[in-house]
>>> print(open('protein.pdb').read())   # PDB, C-alpha atoms
ATOM      1  CA  MET M   1      35.376 -48.108 -90.966
ATOM      2  CA  VAL M   2      34.925 -44.336 -91.150
ATOM      3  CA  LYS M   3      31.431 -43.076 -90.328
ATOM      4  CA  ILE M   4      30.472 -40.884 -93.287
ATOM      5  CA  ALA M   5      27.510 -38.530 -93.355
ATOM      6  CA  VAL M   6      26.175 -36.672 -96.368
ATOM      7  CA  VAL M   7      24.770 -33.141 -96.258
ATOM      8  CA  PRO M   8      22.934 -32.643 -99.563
ATOM      9  CA  GLY M   9      21.555 -29.465-101.029
ATOM     10  CA  SER M  10      21.622 -26.967-103.837
ATOM     11  CA  PHE M  11      23.468 -24.383-101.683
ATOM     12  CA  ASP M  12      22.651 -21.483-104.017
ATOM     13  CA  PRO M  13      24.394 -19.972-102.108
ATOM     14  CA  ILE M  14      25.555 -21.505 -98.843
ATOM     15  CA  THR M  15      24.273 -19.553 -95.835
ATOM     16  CA  ASN M  16      25.342 -19.416 -92.205
ATOM     17  CA  GLY M  17      22.377 -21.699 -91.506
ATOM     18  CA  HIS M  18      23.827 -24.332 -93.829
ATOM     19  CA  LEU M  19      27.257 -23.796 -92.315
ATOM     20  CA  ASP M  20      25.824 -24.298 -88.818
ATOM     21  CA  ILE M  21      24.348 -27.678 -89.810
ATOM     22  CA  ILE M  22      27.570 -28.759 -91.583
ATOM     23  CA  THR M  23      29.731 -27.731 -88.625
ATOM     24  CA  ARG M  24      27.559 -29.540 -86.114
ATOM     25  CA  GLY M  25      27.468 -32.636 -88.317
ATOM     26  CA  ALA M  26      31.262 -32.522 -88.621
ATOM     27  CA  SER M  27      31.523 -32.604 -84.829
ATOM     28  CA  ILE M  28      29.522 -35.862 -84.741
ATOM     29  CA  PHE M  29      30.702 -37.808 -87.805
ATOM     30  CA  GLU M  30      34.242 -38.697 -88.806
ATOM     31  CA  GLN M  31      33.679 -37.457 -92.352
ATOM     32  CA  VAL M  32      31.012 -35.180 -93.799
ATOM     33  CA  ASN M  33      30.481 -34.954 -97.532
ATOM     34  CA  VAL M  34      28.674 -31.793 -98.540
ATOM     35  CA  VAL M  35      27.064 -32.670-101.849
ATOM     36  CA  VAL M  36      25.891 -30.052-104.290
ATOM     37  CA  LEU M  37      23.054 -31.761-106.100
ATOM     38  CA  ASN M  38      21.966 -30.608-109.521
ATOM     39  CA  ASN M  39      18.261 -29.881-109.130
ATOM     40  CA  SER M  40      16.690 -29.664-112.578
ATOM     41  CA  SER M  41      13.639 -27.869-111.148
ATOM     42  CA  LYS M  42      15.715 -24.902-109.959
ATOM     43  CA  ASN M  43      17.359 -22.105-111.908
ATOM     44  CA  PRO M  44      20.487 -21.378-109.843
ATOM     45  CA  LEU M  45      22.227 -18.024-109.577
ATOM     46  CA  PHE M  46      25.639 -19.641-109.112
ATOM     47  CA  SER M  47      27.098 -22.398-111.278
ATOM     48  CA  VAL M  48      27.838 -25.750-109.645
ATOM     49  CA  GLU M  49      31.549 -24.918-109.765
ATOM     50  CA  GLU M  50      30.985 -21.559-108.064
ATOM     51  CA  ARG M  51      28.865 -23.168-105.350
ATOM     52  CA  VAL M  52      31.495 -25.845-104.706
ATOM     53  CA  LYS M  53      34.207 -23.195-104.385
ATOM     54  CA  LEU M  54      32.108 -21.074-102.001
ATOM     55  CA  ILE M  55      31.402 -24.121 -99.817
ATOM     56  CA  GLU M  56      35.049 -25.203 -99.863
ATOM     57  CA  ASP M  57      36.098 -21.725 -98.745
ATOM     58  CA  ALA M  58      33.426 -21.600 -96.028
ATOM     59  CA  THR M  59      34.344 -25.042 -94.655
ATOM     60  CA  ALA M  60      38.138 -24.806 -95.023
ATOM     61  CA  HIS M  61      38.476 -24.784 -91.229
ATOM     62  CA  LEU M  62      36.753 -28.180 -90.993
ATOM     63  CA  PRO M  63      39.326 -30.861 -91.912
ATOM     64  CA  ASN M  64      36.780 -33.688 -92.075
ATOM     65  CA  VAL M  65      34.506 -31.982 -94.613
ATOM     66  CA  ARG M  66      34.632 -32.762 -98.325
ATOM     67  CA  VAL M  67      32.673 -30.959-101.016
ATOM     68  CA  GLU M  68      31.473 -32.823-104.091
ATOM     69  CA  THR M  69      28.803 -32.682-106.772
ATOM     70  CA  PHE M  70      26.399 -35.323-107.944
ATOM     71  CA  SER M  71      23.614 -35.675-110.472
ATOM     72  CA  GLY M  72      21.100 -38.355-109.745
ATOM     73  CA  LEU M  73      19.550 -39.898-106.688
ATOM     74  CA  LEU M  74      21.010 -38.923-103.327
ATOM     75  CA  MET M  75      20.853 -42.514-102.121
ATOM     76  CA  ASP M  76      22.953 -43.663-105.080
ATOM     77  CA  TYR M  77      25.606 -41.130-104.099
ATOM     78  CA  ALA M  78      25.416 -42.166-100.434
ATOM     79  CA  GLU M  79      25.841 -45.825-101.358
ATOM     80  CA  ASN M  80      28.791 -45.018-103.659
ATOM     81  CA  VAL M  81      30.716 -43.306-100.831
ATOM     82  CA  ASN M  82      29.667 -45.840 -98.168
ATOM     83  CA  ALA M  83      27.803 -43.237 -96.148
ATOM     84  CA  SER M  84      25.836 -44.402 -93.134
ATOM     85  CA  ALA M  85      23.829 -41.208 -92.687
ATOM     86  CA  ILE M  86      22.144 -38.267 -94.360
ATOM     87  CA  ILE M  87      22.032 -35.000 -92.411
ATOM     88  CA  ARG M  88      19.171 -32.608 -93.044
ATOM     89  CA  GLY M  89      18.635 -29.242 -91.406
ATOM     90  CA  LEU M  90      15.237 -28.196 -90.130
ATOM     91  CA  ARG M  91      14.261 -24.560 -89.636
ATOM     92  CA  ALA M  92      10.605 -24.847 -88.713
ATOM     93  CA  VAL M  93       7.724 -27.284 -88.508
ATOM     94  CA  SER M  94       6.900 -26.450 -92.120
ATOM     95  CA  ASP M  95      10.214 -28.040 -93.212
ATOM     96  CA  PHE M  96       9.421 -31.281 -91.415
ATOM     97  CA  GLU M  97       6.569 -32.448 -93.654
ATOM     98  CA  TYR M  98       8.637 -32.068 -96.835
ATOM     99  CA  GLU M  99      11.716 -33.623 -95.242
ATOM    100  CA  MET M 100       9.689 -36.552 -93.921
ATOM    101  CA  GLN M 101       8.442 -37.317 -97.444
ATOM    102  CA  ILE M 102      11.992 -37.267 -98.804
ATOM    103  CA  THR M 103      13.260 -39.422 -95.922
ATOM    104  CA  SER M 104      10.462 -41.945 -96.425
ATOM    105  CA  MET M 105      11.308 -42.253-100.116
ATOM    106  CA  ASN M 106      15.005 -42.586 -99.296
ATOM    107  CA  ARG M 107      14.175 -45.456 -96.920
ATOM    108  CA  VAL M 108      12.409 -47.240 -99.767
ATOM    109  CA  LEU M 109      15.585 -46.873-101.843
ATOM    110  CA  ASN M 110      17.951 -47.906 -99.039
ATOM    111  CA  ASP M 111      16.781 -48.564 -95.494
ATOM    112  CA  GLU M 112      20.321 -49.017 -94.180
ATOM    113  CA  ILE M 113      21.199 -45.324 -94.478
ATOM    114  CA  GLU M 114      19.749 -43.288 -91.610
ATOM    115  CA  THR M 115      18.579 -39.701 -91.851
ATOM    116  CA  PHE M 116      19.396 -37.320 -89.018
ATOM    117  CA  PHE M 117      17.557 -34.037 -88.635
ATOM    118  CA  ILE M 118      19.429 -31.198 -86.978
ATOM    119  CA  MET M 119      17.417 -28.216 -85.835
ATOM    120  CA  THR M 120      18.992 -24.972 -86.911
ATOM    121  CA  LYS M 121      19.938 -22.439 -84.291
ATOM    122  CA  ASN M 122      17.136 -19.947 -83.602
ATOM    123  CA  GLN M 123      19.078 -17.106 -85.196
ATOM    124  CA  TYR M 124      18.901 -18.932 -88.556
ATOM    125  CA  SER M 125      15.338 -20.271 -88.335
ATOM    126  CA  PHE M 126      14.087 -17.831 -90.986
ATOM    127  CA  LEU M 127      17.101 -18.071 -93.257
ATOM    128  CA  SER M 128      17.082 -19.497 -96.767
ATOM    129  CA  SER M 129      19.210 -19.024 -99.853
ATOM    130  CA  SER M 130      16.200 -17.462-101.582
ATOM    131  CA  ILE M 131      15.787 -14.818 -98.884
ATOM    132  CA  VAL M 132      19.514 -14.035 -98.964
ATOM    133  CA  LYS M 133      19.448 -13.598-102.748
ATOM    134  CA  GLU M 134      16.394 -11.347-102.585
ATOM    135  CA  VAL M 135      17.988  -9.049 -99.996
ATOM    136  CA  ALA M 136      21.356  -9.060-101.780
ATOM    137  CA  LYS M 137      19.713  -8.251-105.119
ATOM    138  CA  TYR M 138      18.550  -4.917-103.713
ATOM    139  CA  GLY M 139      21.790  -4.142-101.905
ATOM    140  CA  GLY M 140      20.564  -5.049 -98.419
ATOM    141  CA  TYR M 141      22.938  -6.067 -95.661
ATOM    142  CA  ILE M 142      23.549  -9.830 -95.531
ATOM    143  CA  GLY M 143      26.846  -9.899 -93.618
ATOM    144  CA  GLU M 144      25.379 -11.805 -90.668
ATOM    145  CA  LEU M 145      23.583 -14.303 -92.896
ATOM    146  CA  VAL M 146      26.358 -15.695 -95.100
ATOM    147  CA  PRO M 147      30.109 -16.307 -94.974
ATOM    148  CA  PRO M 148      32.170 -13.278 -96.135
ATOM    149  CA  GLN M 149      33.125 -14.858 -99.470
ATOM    150  CA  VAL M 150      29.451 -15.443-100.265
ATOM    151  CA  GLU M 151      28.581 -11.839 -99.445
ATOM    152  CA  ALA M 152      31.342 -10.702-101.825
ATOM    153  CA  ALA M 153      30.201 -13.117-104.566
ATOM    154  CA  LEU M 154      26.597 -11.907-104.286
ATOM    155  CA  LYS M 155      27.688  -8.278-104.559
ATOM    156  CA  ILE M 156      29.522  -9.165-107.766
ATOM    157  CA  LYS M 157      26.568 -11.161-109.180
ATOM    158  CA  TYR M 158      24.124  -8.343-108.472
ATOM    159  CA  ASP M 159      26.608  -5.515-109.108
ATOM    160  CA  THR M 160      25.813  -3.900-105.752
ATOM    161  CA  ASN M 161      29.346  -2.959-104.637
TER
END
>>> encode(input="protein.pdb", output="structure tokens")
Amino acid sequence: MVKIAVVPGSFDPITNGHLDIITRGASIFEQVNVVVLNNSSKNPLFSVEERVKLIEDATAHLPNVRVETFSGLLMDYAENVNASAIIRGLRAVSDFEYEMQITSMNRVLNDEIETFFIMTKNQYSFLSSSIVKEVAKYGGYIGELVPPQVEAALKIKYDTN
């Protein structure tokens, strides 16, 4: 049986911090499903289809990574694909409290699927999609923060070429 892990998120857009977590997860698990979840409480810059394409391009070098979308509960998705693990990235202590709440709720829904926290590399500890969008919106340099295709897509979205 293939050990499948799920890396969920809104990825609006994917950053090098996300990519670091996905890459490290892909080195541990046989298959990693990156799942773009539709979060009704967020107003995304990129459509789901655009986000999927950006993630597919950024992870093309990782043969055991799949990119999918899902609306609904993460644990329902994980059960549907027979995942044994959820991978969550942590940047700072402030992330832990929120992530612990989510993990605790997920255990109520299905206690057979484990959650693994991977600490981001120090160079990405401050990085978020929101920060990247804010800098990109005003034409700031984001080349070290996102994959090249994301940088190009943000320049188009914000017309900062």
>>> residues_around(input="protein.pdb", residues="stretch 73-84 of chain M", least_positions_apart="5", cutoff="8 Å", atoms="all atoms listed in the file", output="VMD selection string")
chain M and resid 3 to 6 8 37 106 109 to 110 112 to 114
>>> axis_aligned_box(input="protein.pdb", around="stretch 139-151 of chain M", padding_each_side="6 Å", output="JSON")
{"center_x": 26.8, "center_y": -10.2, "center_z": -96.3, "size_x": 24.6, "size_y": 24.2, "size_z": 23.2}
>>> atom_distance(input="protein.pdb", atom1="atom CA of M:Leu90", atom2="atom CA of M:Phe117")
6.5 Å
>>> resolve_selection(input="protein.pdb", expression="the PyMOL selection byres ((chain M and resi 95) around 12)", output="short mmCIF file (atom, residue, chain, number, x, y, z; two decimals) with C-alpha atoms, in the coordinates of the input")
data_model
loop_
_atom_site.label_atom_id
_atom_site.label_comp_id
_atom_site.auth_asym_id
_atom_site.auth_seq_id
_atom_site.Cartn_x
_atom_site.Cartn_y
_atom_site.Cartn_z
CA ARG M 88 19.17 -32.61 -93.04
CA GLY M 89 18.64 -29.24 -91.41
CA LEU M 90 15.24 -28.20 -90.13
CA ARG M 91 14.26 -24.56 -89.64
CA ALA M 92 10.60 -24.85 -88.71
CA VAL M 93 7.72 -27.28 -88.51
CA SER M 94 6.90 -26.45 -92.12
CA PHE M 96 9.42 -31.28 -91.42
CA GLU M 97 6.57 -32.45 -93.65
CA TYR M 98 8.64 -32.07 -96.84
CA GLU M 99 11.72 -33.62 -95.24
CA MET M 100 9.69 -36.55 -93.92
CA GLN M 101 8.44 -37.32 -97.44
CA ILE M 102 11.99 -37.27 -98.80
CA PHE M 117 17.56 -34.04 -88.64
CA ILE M 118 19.43 -31.20 -86.98
CA MET M 119 17.42 -28.22 -85.84
CA THR M 120 18.99 -24.97 -86.91
CA SER M 125 15.34 -20.27 -88.34
CA PHE M 126 14.09 -17.83 -90.99
CA SER M 128 17.08 -19.50 -96.77
#
>>> closest_residue(input="protein.pdb", among="M:Val150, M:Ile142, M:Val35, M:Ile22", to="M:Pro63", atoms="all atoms listed in the file")
M:Ile22
>>> resolve_selection(input="protein.pdb", expression="the PyMOL selection byres ((chain M and resi 33) around 6)", output="list of chain:residue names")
M:Val6, M:Val32, M:Val34, M:Val35, M:Val65, M:Arg66, M:Val67
>>> closest_residue(input="protein.pdb", among="M:Gly143, M:Gly72, M:Gly25, M:Pro44", to="M:Val7", atoms="all atoms listed in the file")
M:Gly25
>>> residues_around(input="protein.pdb", residues="M:Ala58", least_positions_apart="5", cutoff="12 Å", atoms="all atoms listed in the file", output="mmCIF file with C-alpha atoms, keeping the file's coordinate frame")
data_model
loop_
_atom_site.group_PDB
_atom_site.id
_atom_site.type_symbol
_atom_site.label_atom_id
_atom_site.label_comp_id
_atom_site.auth_asym_id
_atom_site.auth_seq_id
_atom_site.Cartn_x
_atom_site.Cartn_y
_atom_site.Cartn_z
ATOM 1 C CA PHE M 11 23.468 -24.383 -101.683
ATOM 2 C CA PRO M 13 24.394 -19.972 -102.108
ATOM 3 C CA ILE M 14 25.555 -21.505 -98.843
ATOM 4 C CA THR M 15 24.273 -19.553 -95.835
ATOM 5 C CA ASN M 16 25.342 -19.416 -92.205
ATOM 6 C CA GLY M 17 22.377 -21.699 -91.506
ATOM 7 C CA HIS M 18 23.827 -24.332 -93.829
ATOM 8 C CA LEU M 19 27.257 -23.796 -92.315
ATOM 9 C CA ASP M 20 25.824 -24.298 -88.818
ATOM 10 C CA ILE M 22 27.570 -28.759 -91.583
ATOM 11 C CA THR M 23 29.731 -27.731 -88.625
ATOM 12 C CA VAL M 34 28.674 -31.793 -98.540
ATOM 13 C CA ARG M 51 28.865 -23.168 -105.350
ATOM 14 C CA VAL M 52 31.495 -25.845 -104.706
ATOM 15 C CA LYS M 53 34.207 -23.195 -104.385
ATOM 16 C CA PRO M 63 39.326 -30.861 -91.912
ATOM 17 C CA VAL M 65 34.506 -31.982 -94.613
ATOM 18 C CA ARG M 66 34.632 -32.762 -98.325
ATOM 19 C CA VAL M 67 32.673 -30.959 -101.016
ATOM 20 C CA VAL M 146 26.358 -15.695 -95.100
ATOM 21 C CA PRO M 147 30.109 -16.307 -94.974
ATOM 22 C CA PRO M 148 32.170 -13.278 -96.135
ATOM 23 C CA GLN M 149 33.125 -14.858 -99.470
ATOM 24 C CA VAL M 150 29.451 -15.443 -100.265
ATOM 25 C CA GLU M 151 28.581 -11.839 -99.445
#
>>> residues_near_point(input="protein.pdb", point="(22.6, -2.7, -101.9)", cutoff="12 Å", atoms="only C-alpha atoms", output="short mmCIF file (atom, residue, chain, number, x, y, z; two decimals) with C-alpha atoms, in the coordinates of the input")
data_model
loop_
_atom_site.label_atom_id
_atom_site.label_comp_id
_atom_site.auth_asym_id
_atom_site.auth_seq_id
_atom_site.Cartn_x
_atom_site.Cartn_y
_atom_site.Cartn_z
CA LYS M 133 19.45 -13.60 -102.75
CA GLU M 134 16.39 -11.35 -102.58
CA VAL M 135 17.99 -9.05 -100.00
CA ALA M 136 21.36 -9.06 -101.78
CA LYS M 137 19.71 -8.25 -105.12
CA TYR M 138 18.55 -4.92 -103.71
CA GLY M 139 21.79 -4.14 -101.90
CA GLY M 140 20.56 -5.05 -98.42
CA TYR M 141 22.94 -6.07 -95.66
CA ILE M 142 23.55 -9.83 -95.53
CA GLY M 143 26.85 -9.90 -93.62
CA GLU M 151 28.58 -11.84 -99.44
CA ALA M 152 31.34 -10.70 -101.82
CA LEU M 154 26.60 -11.91 -104.29
CA LYS M 155 27.69 -8.28 -104.56
CA ILE M 156 29.52 -9.16 -107.77
CA LYS M 157 26.57 -11.16 -109.18
CA TYR M 158 24.12 -8.34 -108.47
CA ASP M 159 26.61 -5.52 -109.11
CA THR M 160 25.81 -3.90 -105.75
CA ASN M 161 29.35 -2.96 -104.64
#
>>> closest_residue(input="protein.pdb", among="M:Asp111, M:Glu49, M:Asp12, M:Glu30", to="M:Leu62", atoms="all atoms listed in the file")
M:Glu30
>>> atom_distance(input="protein.pdb", atom1="atom CA of M:Ala85", atom2="atom CA of M:Tyr124")
23.2 Å
>>> atom_distance(input="protein.pdb", atom1="atom CA of M:Leu54", atom2="atom CA of M:Ala153")
8.6 Å
>>> closest_residue(input="protein.pdb", among="M:Thr69, M:Ser129, M:Thr103, M:Gln123", to="M:Val48", atoms="all atoms listed in the file")
M:Thr69
>>> closest_residue(input="protein.pdb", among="M:Asn122, M:Ser104, M:Thr115, M:Ser10", to="M:Phe46", atoms="all atoms listed in the file")
M:Ser10
>>> closest_residue(input="protein.pdb", among="M:His61, M:Gly9, M:Phe116, M:Ile55", to="M:Val36", atoms="all atoms listed in the file")
M:Gly9
